[in-house]
Amino acid sequence: MALGPSPTPADSLYPEIASLTGVPRFFPAPTDIRTSWLAENVTPSLAADGARLFFVTGGTTLETTAIGSGSLPTVIATVADCHTIAQVAAAGNVVGFVEIAPVGARSYDGCVASSSVTWSIWLSDINGAHKRRVASGIRLTNSDLTRAHPVWLGLTPSAFAYDRPNSPGLAPTGETIVVNDVKTGKRLWAVQTEAAVIDLMFGGSTIGVLDREPTLRLSIATADSPSLTPFAFPASSAALSDDGRYVSWDTAANSSSGVPAGLATTDLTSGVTSLLAVPSEADRPAPLRPTVTTTGTGAAVAWFETLKDGIVYPAVDIAGAAIGGLYSTVQAPLWIALSGHIMTMVATDSDGRYTVAYAVDLSGSGFAHS
């Protein structure tokens, strides 16, 4: 394990990567990669807009940095003791976050446990100025998921979306997703769900919702047609592009028919779906945490690819550009996102001794695959 981030992959580090049939390696040029060191206590609450990263340290402080700039991170917001920042979203010049309290299901460090959590949604510009609370409420919790994410936040440069339970109780009565104007706070449109939301995606004028009824289900609604329409049944997760044009989700392997795990991507403007097989040497092969964006040649999809012995690599596929494959790093990837032609990744070493952010320019002339 290297002592720090090594943007240039070494062939000898993990030789088994070369034997993964159907998934090549790609080698970005050093000039196409920017890196920044982060604090050790970065939480999974992350967001990116291009090479600008938004991250939470210690669960209580939201910071931002331009990856590769060499500048110290800027603090956007800090929440009080027994509170935490549960989710971060960024789009254009707007950043939003969800603040919840109390932190956990058990009392500790003077924090009182409760069967409910309070939540607040805050918006500001990307430097923390003009910070304002735009929504708040209380939610009863009956699971670790609803305690960690009592509401979900989606954000575009002009609007924000979040979900509210239709009943103050714990009965599965569905939720209302409201879409409000960023500047005025005025409600623009709303969506009704039949079950509790477990993930909310917002891009352009399109809402994507994951719920479990009884299996994981992806549904889509738009401003012009604000009724959720069941769309697909992901294996674990889904993603919507920033402009709302593409939706992508992971598909489970079917051993009886010899179909490997893969990724499906639909162009919502044309209805055309493309399937990408993701072969793997892992005991339970599956692409993890897909993210999708729009490029000049079509959809670009990135995900975490699992190899044998549980080794995980970031991978990317750009439709119509004959570009795709695995990127070898010596760190353990924690989070991945695509924004335009920038792939942003946050990784750590296996001992948690450091955290590093990468911004990989996928449009650079040095990008190639083998």
# chains A, B, ... in the order shown; residues from 1 in each chain; ligands from 1
>>> closest_atom_pairs(of="region 67-132 of chain A", to="region 40-62 of chain A", cutoff="10 Å", atoms="only C-alpha atoms", output="CSV")
residue,atom,partner,partner_atom,distance
A:Ile67,CA,A:Ala51,CA,5.6
A:Gly68,CA,A:Ala51,CA,8.3
A:Ser69,CA,A:Ala51,CA,9.7
A:Pro73,CA,A:Phe54,CA,9.3
A:Thr74,CA,A:Leu62,CA,8.6
A:Val75,CA,A:Leu62,CA,6.0
A:Ile76,CA,A:Leu62,CA,5.5
A:Ala77,CA,A:Leu62,CA,5.2
A:Thr78,CA,A:Thr61,CA,4.4
A:Val79,CA,A:Thr60,CA,5.3
A:Ala80,CA,A:Thr60,CA,7.3
A:Asp81,CA,A:Thr60,CA,7.9
A:Cys82,CA,A:Thr60,CA,9.0
A:His83,CA,A:Thr60,CA,7.0
A:Thr84,CA,A:Thr60,CA,5.1
A:Ile85,CA,A:Gly59,CA,5.8
A:Ala86,CA,A:Ser45,CA,6.4
A:Gln87,CA,A:Ser45,CA,5.1
A:Val88,CA,A:Leu46,CA,5.8
A:Ala89,CA,A:Ala47,CA,5.4
A:Ala90,CA,A:Ala47,CA,6.0
A:Ala91,CA,A:Asp49,CA,6.1
A:Gly92,CA,A:Asp49,CA,7.0
A:Asn93,CA,A:Asp49,CA,9.1
A:Val94,CA,A:Asp49,CA,9.8
A:Val95,CA,A:Phe54,CA,8.4
A:Gly96,CA,A:Ala47,CA,9.6
A:Phe97,CA,A:Leu62,CA,8.5
A:Val98,CA,A:Ser45,CA,9.9
A:Glu99,CA,A:Thr60,CA,8.9
A:Val103,CA,A:Gly59,CA,9.3
A:Ile126,CA,A:Phe54,CA,8.8
A:Gly128,CA,A:Leu62,CA,9.2
>>> write_last_selection(atoms="C-alpha atoms", output="CSV table (one decimal), in the first residue's frame")
chain,number,residue,atom,x,y,z
A,67,ILE,CA,-9.7,19.5,-6.4
A,68,GLY,CA,-6.0,20.1,-7.4
A,69,SER,CA,-6.1,23.8,-6.6
A,73,PRO,CA,-10.9,23.9,2.0
A,74,THR,CA,-13.5,26.5,2.7
A,75,VAL,CA,-16.0,25.9,5.5
A,76,ILE,CA,-19.6,26.3,4.3
A,77,ALA,CA,-21.5,25.4,7.5
A,78,THR,CA,-21.0,23.8,10.9
A,79,VAL,CA,-23.9,22.2,12.9
A,80,ALA,CA,-24.3,22.0,16.7
A,81,ASP,CA,-23.4,19.1,19.0
A,82,CYS,CA,-25.8,16.1,18.7
A,83,HIS,CA,-26.7,17.3,15.1
A,84,THR,CA,-25.2,15.9,11.9
A,85,ILE,CA,-25.2,16.7,8.2
A,86,ALA,CA,-26.9,13.7,6.6
A,87,GLN,CA,-26.8,14.6,2.9
A,88,VAL,CA,-25.1,17.1,0.6
A,89,ALA,CA,-26.2,18.2,-2.9
A,90,ALA,CA,-24.6,20.7,-5.3
A,91,ALA,CA,-25.6,22.2,-8.7
A,92,GLY,CA,-24.3,25.3,-10.4
A,93,ASN,CA,-23.7,28.0,-7.8
A,94,VAL,CA,-26.0,26.3,-5.2
A,95,VAL,CA,-25.2,23.9,-2.4
A,96,GLY,CA,-27.7,22.3,-0.1
A,97,PHE,CA,-27.5,20.0,2.9
A,98,VAL,CA,-29.8,18.1,5.3
A,99,GLU,CA,-29.2,18.7,9.0
A,103,VAL,CA,-27.6,11.8,15.8
A,126,ILE,CA,-21.0,27.4,-3.0
A,128,GLY,CA,-21.4,29.4,2.2
>>> select_by_dssp(residues="region 96-298 of chain A", states="strand (DSSP E or B)", output="PyMOL selection string")
chain A and resi 96-101+108+111+116-125+132-140+153-155+159-165+175-181+187-192+199-203+206-212+216-222+229-232+238-240+246-251+254+259+262-267+273-277+288-295+298
>>> write_last_selection(atoms="C-alpha atoms", output="short mmCIF file (atom, residue, chain, number, x, y, z; two decimals), in the first residue's frame")
data_model
loop_
_atom_site.label_atom_id
_atom_site.label_comp_id
_atom_site.auth_asym_id
_atom_site.auth_seq_id
_atom_site.Cartn_x
_atom_site.Cartn_y
_atom_site.Cartn_z
CA GLY A 96 -27.70 22.27 -0.12
CA PHE A 97 -27.52 20.00 2.88
CA VAL A 98 -29.80 18.14 5.28
CA GLU A 99 -29.24 18.68 9.01
CA ILE A 100 -30.73 16.16 11.47
CA ALA A 101 -30.86 15.68 15.24
CA TYR A 108 -24.16 9.07 24.04
CA CYS A 111 -27.05 13.44 23.24
CA SER A 116 -38.08 10.76 16.12
CA VAL A 117 -35.61 13.09 14.45
CA THR A 118 -35.88 16.72 13.46
CA TRP A 119 -34.61 17.69 10.03
CA SER A 120 -33.81 20.93 8.24
CA ILE A 121 -32.83 21.64 4.64
CA TRP A 122 -30.40 24.50 4.07
CA LEU A 123 -29.28 26.21 0.86
CA SER A 124 -26.42 28.63 0.21
CA ASP A 125 -24.03 29.58 -2.56
CA ARG A 132 -30.96 29.96 4.61
CA ARG A 133 -33.22 27.22 5.93
CA VAL A 134 -35.83 26.37 3.29
CA ALA A 135 -37.69 23.45 4.91
CA SER A 136 -37.89 21.63 8.25
CA GLY A 137 -39.93 19.00 10.05
CA ILE A 138 -40.03 16.02 12.39
CA ARG A 139 -40.09 12.37 11.37
CA LEU A 140 -40.78 9.27 13.45
CA LEU A 153 -32.74 16.22 -1.09
CA GLY A 154 -32.42 16.69 -4.85
CA LEU A 155 -30.99 19.87 -6.36
CA ALA A 159 -34.96 24.14 -8.06
CA PHE A 160 -34.75 21.78 -5.09
CA ALA A 161 -36.83 18.71 -4.28
CA TYR A 162 -37.41 16.80 -1.05
CA ASP A 163 -39.87 14.25 0.32
CA ARG A 164 -42.34 14.53 3.22
CA PRO A 165 -44.24 11.60 4.78
CA GLU A 175 -44.92 10.49 0.71
CA THR A 176 -45.19 13.82 -1.10
CA ILE A 177 -42.15 15.02 -3.05
CA VAL A 178 -42.26 18.78 -3.43
CA VAL A 179 -40.25 20.77 -5.97
CA ASN A 180 -39.56 24.39 -5.04
CA ASP A 181 -37.84 27.34 -6.70
CA ARG A 187 -43.67 25.41 -4.86
CA LEU A 188 -43.43 24.51 -8.54
CA TRP A 189 -44.92 21.01 -8.63
CA ALA A 190 -45.31 17.90 -6.50
CA VAL A 191 -45.22 14.11 -6.80
CA GLN A 192 -47.08 11.50 -4.73
CA ASP A 199 -33.47 7.52 -2.59
CA LEU A 200 -34.41 10.65 -4.52
CA MET A 201 -32.80 11.83 -7.77
CA PHE A 202 -33.44 15.18 -9.45
CA GLY A 203 -32.08 16.40 -12.78
CA THR A 206 -37.17 14.95 -13.99
CA ILE A 207 -37.56 13.18 -10.64
CA GLY A 208 -36.30 9.65 -10.04
CA VAL A 209 -37.48 7.73 -6.97
CA LEU A 210 -36.33 4.48 -5.44
CA ASP A 211 -38.70 2.68 -3.08
CA ARG A 212 -39.25 -0.93 -2.01
CA LEU A 216 -36.49 -2.28 -5.09
CA ARG A 217 -38.32 -0.17 -7.66
CA LEU A 218 -37.28 2.82 -9.77
CA SER A 219 -40.02 5.25 -10.83
CA ILE A 220 -39.87 8.41 -12.94
CA ALA A 221 -41.93 11.63 -12.99
CA THR A 222 -41.50 14.94 -14.80
CA THR A 229 -44.44 5.80 -13.44
CA PRO A 230 -42.70 2.51 -12.49
CA PHE A 231 -39.66 2.26 -14.71
CA ALA A 232 -37.26 -0.52 -13.66
CA ALA A 238 -29.82 3.97 -9.72
CA ALA A 239 -28.71 7.39 -10.95
CA LEU A 240 -30.10 10.27 -13.00
CA TYR A 246 -30.38 9.67 -18.84
CA VAL A 247 -31.22 7.23 -16.08
CA SER A 248 -28.95 4.30 -15.23
CA TRP A 249 -29.29 1.36 -12.84
CA ASP A 250 -27.55 -1.90 -11.99
CA THR A 251 -28.94 -5.27 -13.04
CA ASN A 254 -28.75 -14.51 -13.88
CA VAL A 259 -26.32 -13.31 -18.09
CA GLY A 262 -24.53 -5.23 -15.70
CA LEU A 263 -25.75 -1.69 -16.12
CA ALA A 264 -28.78 -0.47 -18.03
CA THR A 265 -29.04 3.10 -19.29
CA THR A 266 -32.12 4.69 -20.86
CA ASP A 267 -32.23 7.89 -22.89
CA THR A 273 -32.16 1.50 -23.52
CA SER A 274 -28.59 0.20 -23.77
CA LEU A 275 -27.23 -2.70 -21.75
CA LEU A 276 -23.64 -2.97 -20.59
CA ALA A 277 -22.45 -6.34 -19.32
CA LEU A 288 -21.83 -0.71 -7.45
CA ARG A 289 -23.11 2.87 -7.17
CA PRO A 290 -23.60 3.77 -10.84
CA THR A 291 -23.50 7.44 -11.80
CA VAL A 292 -24.41 8.86 -15.20
CA THR A 293 -23.91 12.11 -17.10
CA THR A 294 -24.52 13.48 -20.61
CA THR A 295 -21.61 13.90 -23.04
CA GLY A 298 -24.15 10.08 -25.45
#
>>> closest_residue(among="A:Val197, A:Val151, A:Ala29, A:Ala337", to="Thr173 (chain A)", atoms="only C-alpha atoms")
A:Val197
>>> closest_residue(among="A:Trp37, A:Phe27, A:Ser363, A:Val301", to="Thr348 (chain A)", atoms="only C-alpha atoms")
A:Trp37
>>> atom_distance(atom1="CA of Val182 (chain A)", atom2="CA of Asn127 (chain A)")
16.2 Å
>>> select_by_dssp(residues="region 25-211 of chain A", states="helix (DSSP H, G or I)", output="ChimeraX atom specification")
/A:30-32,144-148
>>> decode(residues="region 159-215 of chain A", atoms="C-alpha atoms", output="PDB file, in the first residue's frame")
ATOM      1  CA  ALA A 159     -34.961  24.135  -8.060  1.00  0.00           C
ATOM      2  CA  PHE A 160     -34.753  21.780  -5.093  1.00  0.00           C
ATOM      3  CA  ALA A 161     -36.830  18.707  -4.278  1.00  0.00           C
ATOM      4  CA  TYR A 162     -37.413  16.802  -1.051  1.00  0.00           C
ATOM      5  CA  ASP A 163     -39.872  14.250   0.322  1.00  0.00           C
ATOM      6  CA  ARG A 164     -42.335  14.533   3.217  1.00  0.00           C
ATOM      7  CA  PRO A 165     -44.242  11.601   4.784  1.00  0.00           C
ATOM      8  CA  ASN A 166     -47.991  11.846   4.173  1.00  0.00           C
ATOM      9  CA  SER A 167     -48.654  10.734   7.762  1.00  0.00           C
ATOM     10  CA  PRO A 168     -46.861  11.636  10.992  1.00  0.00           C
ATOM     11  CA  GLY A 169     -47.045   7.976  11.994  1.00  0.00           C
ATOM     12  CA  LEU A 170     -45.054   4.999  10.757  1.00  0.00           C
ATOM     13  CA  ALA A 171     -47.752   3.478   8.560  1.00  0.00           C
ATOM     14  CA  PRO A 172     -46.681   3.145   4.888  1.00  0.00           C
ATOM     15  CA  THR A 173     -49.009   5.827   3.544  1.00  0.00           C
ATOM     16  CA  GLY A 174     -46.601   7.135   0.963  1.00  0.00           C
ATOM     17  CA  GLU A 175     -44.917  10.493   0.713  1.00  0.00           C
ATOM     18  CA  THR A 176     -45.188  13.820  -1.104  1.00  0.00           C
ATOM     19  CA  ILE A 177     -42.151  15.016  -3.048  1.00  0.00           C
ATOM     20  CA  VAL A 178     -42.258  18.783  -3.428  1.00  0.00           C
ATOM     21  CA  VAL A 179     -40.246  20.770  -5.974  1.00  0.00           C
ATOM     22  CA  ASN A 180     -39.560  24.389  -5.038  1.00  0.00           C
ATOM     23  CA  ASP A 181     -37.844  27.337  -6.701  1.00  0.00           C
ATOM     24  CA  VAL A 182     -34.334  27.962  -5.336  1.00  0.00           C
ATOM     25  CA  LYS A 183     -34.612  31.761  -5.336  1.00  0.00           C
ATOM     26  CA  THR A 184     -38.180  32.302  -4.141  1.00  0.00           C
ATOM     27  CA  GLY A 185     -38.965  29.041  -2.331  1.00  0.00           C
ATOM     28  CA  LYS A 186     -42.253  28.891  -4.238  1.00  0.00           C
ATOM     29  CA  ARG A 187     -43.668  25.414  -4.855  1.00  0.00           C
ATOM     30  CA  LEU A 188     -43.426  24.515  -8.539  1.00  0.00           C
ATOM     31  CA  TRP A 189     -44.918  21.012  -8.626  1.00  0.00           C
ATOM     32  CA  ALA A 190     -45.308  17.901  -6.501  1.00  0.00           C
ATOM     33  CA  VAL A 191     -45.221  14.113  -6.800  1.00  0.00           C
ATOM     34  CA  GLN A 192     -47.075  11.500  -4.735  1.00  0.00           C
ATOM     35  CA  THR A 193     -45.449   8.175  -3.846  1.00  0.00           C
ATOM     36  CA  GLU A 194     -47.076   4.960  -2.681  1.00  0.00           C
ATOM     37  CA  ALA A 195     -44.248   3.888  -0.373  1.00  0.00           C
ATOM     38  CA  ALA A 196     -41.417   5.345   1.677  1.00  0.00           C
ATOM     39  CA  VAL A 197     -38.666   6.914  -0.420  1.00  0.00           C
ATOM     40  CA  ILE A 198     -35.231   5.329  -0.029  1.00  0.00           C
ATOM     41  CA  ASP A 199     -33.474   7.522  -2.595  1.00  0.00           C
ATOM     42  CA  LEU A 200     -34.411  10.650  -4.520  1.00  0.00           C
ATOM     43  CA  MET A 201     -32.800  11.831  -7.770  1.00  0.00           C
ATOM     44  CA  PHE A 202     -33.440  15.180  -9.449  1.00  0.00           C
ATOM     45  CA  GLY A 203     -32.081  16.403 -12.785  1.00  0.00           C
ATOM     46  CA  GLY A 204     -33.454  18.936 -15.242  1.00  0.00           C
ATOM     47  CA  SER A 205     -37.218  18.677 -14.803  1.00  0.00           C
ATOM     48  CA  THR A 206     -37.172  14.945 -13.986  1.00  0.00           C
ATOM     49  CA  ILE A 207     -37.558  13.178 -10.638  1.00  0.00           C
ATOM     50  CA  GLY A 208     -36.303   9.651 -10.039  1.00  0.00           C
ATOM     51  CA  VAL A 209     -37.478   7.733  -6.966  1.00  0.00           C
ATOM     52  CA  LEU A 210     -36.327   4.476  -5.436  1.00  0.00           C
ATOM     53  CA  ASP A 211     -38.696   2.678  -3.085  1.00  0.00           C
ATOM     54  CA  ARG A 212     -39.250  -0.930  -2.014  1.00  0.00           C
ATOM     55  CA  GLU A 213     -42.676  -2.334  -2.899  1.00  0.00           C
ATOM     56  CA  PRO A 214     -41.814  -5.121  -2.111  1.00  0.00           C
ATOM     57  CA  THR A 215     -38.630  -5.268  -4.211  1.00  0.00           C
TER      58      THR A 215
END
